[in-house]
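A short write-up of the structure that comes next.
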Amino acid sequence: MSSKPVEYADVRPVYGREECLNTAKELVMKHRQDERGNPENTFAFIAEYWRTYLSACFNVALPLEAYHAAEMMELLKMARSNRNGRNPDNYFDRAGYCACAFEMRVQDAPMEASHG
């Protein structure tokens with residue numbers, strides 16, 4: 001598939017998979033890293049805020065980890081893309097959050113037994 005955007009009548013480019021993934025990679029590995037630092041630290045900080053909030057407001061203690069924060073940020077971007085599916089940033093960010101969650105949860109974690 002071509003990574004060149006396809007132009008539609010409203011002149012908004014629609015990117016192919018390769019361009020989406022390449023853009024997400026550039027954002028995660030360069031721009032966001034330079035602006036915000038290590039994503040694992042940021043997601044751990046977010047998870048701590050959410051744990052504190054849920055405990056204070058609902059008396060619920062959840063063992064939220066950094067990868068949970070990345071996965072829930074994917075959900076936030078999914079909700080945004082459901083409201084505005086033509087904004088490519090929602091998809092770039094979702095791919096980036098997914099890659100961060102993968103690294104924290106799958107790649108860096110010990111192998112778990114498969115249950116199905």
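Here, A, B, ... name the chains of the structure tokens in the order displayed, residue numbers run from 1 inside each chain, and ligands are numbered from 1 in the same displayed order.
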Secondary structure check, alpha helix (DSSP H) residues of segment 2-109 of chain A, as a ChimeraX atom specification: /A:17-26,32-36,39-58,66-83,88-101
DSSP strand (DSSP E) selection over chain A, as a ChimeraX atom specification: /A:6-7,13-14
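For the residues A:Tyr97, A:Phe102, A:Phe43, A:Tyr91, ranking by smallest atom-to-atom distance to Ala79 of chain A using only C-alpha atoms places A:Tyr91 first.
Closest to His68 of chain A among A:Tyr53, A:Pro39, A:Asn82, A:Arg105 is A:Arg105, based on only C-alpha atoms.
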Would you pick out the contacts of Arg51 of chain A at 10 Å or less, using only C-alpha atoms, so that residues sharing its chain but fewer than 5 positions from it are not included, and give the list as an mmCIF file with N, CA and C atoms, in the first residue's frame?
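Here's the written file selection-v1.cif:
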```
data_model
loop_
_atom_site.group_PDB
_atom_site.id
_atom_site.type_symbol
_atom_site.label_atom_id
_atom_site.label_comp_id
_atom_site.auth_asym_id
_atom_site.auth_seq_id
_atom_site.Cartn_x
_atom_site.Cartn_y
_atom_site.Cartn_z
ATOM 1 N N PHE A 45 3.155 8.090 36.439
ATOM 2 C CA PHE A 45 2.659 9.279 37.126
ATOM 3 C C PHE A 45 1.151 9.406 36.947
ATOM 4 N N ILE A 46 0.663 9.199 35.730
ATOM 5 C CA ILE A 46 -0.780 9.251 35.449
ATOM 6 C C ILE A 46 -1.514 8.176 36.251
ATOM 7 N N ALA A 56 -9.879 8.461 46.620
ATOM 8 C CA ALA A 56 -10.472 9.595 47.330
ATOM 9 C C ALA A 56 -11.959 9.755 47.011
ATOM 10 N N VAL A 60 -12.106 3.293 46.276
ATOM 11 C CA VAL A 60 -11.736 2.111 45.497
ATOM 12 C C VAL A 60 -10.219 2.102 45.348
ATOM 13 N N ALA A 61 -9.620 0.998 45.712
ATOM 14 C CA ALA A 61 -8.177 0.855 45.561
ATOM 15 C C ALA A 61 -7.908 -0.121 44.421
ATOM 16 N N LEU A 62 -7.469 0.409 43.311
ATOM 17 C CA LEU A 62 -7.156 -0.425 42.152
ATOM 18 C C LEU A 62 -5.656 -0.445 41.919
ATOM 19 N N PRO A 63 -5.125 -1.593 41.577
ATOM 20 C CA PRO A 63 -3.676 -1.689 41.340
ATOM 21 C C PRO A 63 -3.304 -1.232 39.922
ATOM 22 N N LEU A 64 -3.568 0.032 39.622
ATOM 23 C CA LEU A 64 -3.279 0.550 38.287
ATOM 24 C C LEU A 64 -1.774 0.671 38.088
ATOM 25 N N GLU A 65 -1.335 0.185 36.946
ATOM 26 C CA GLU A 65 0.079 0.259 36.576
ATOM 27 C C GLU A 65 0.239 1.225 35.407
#
```
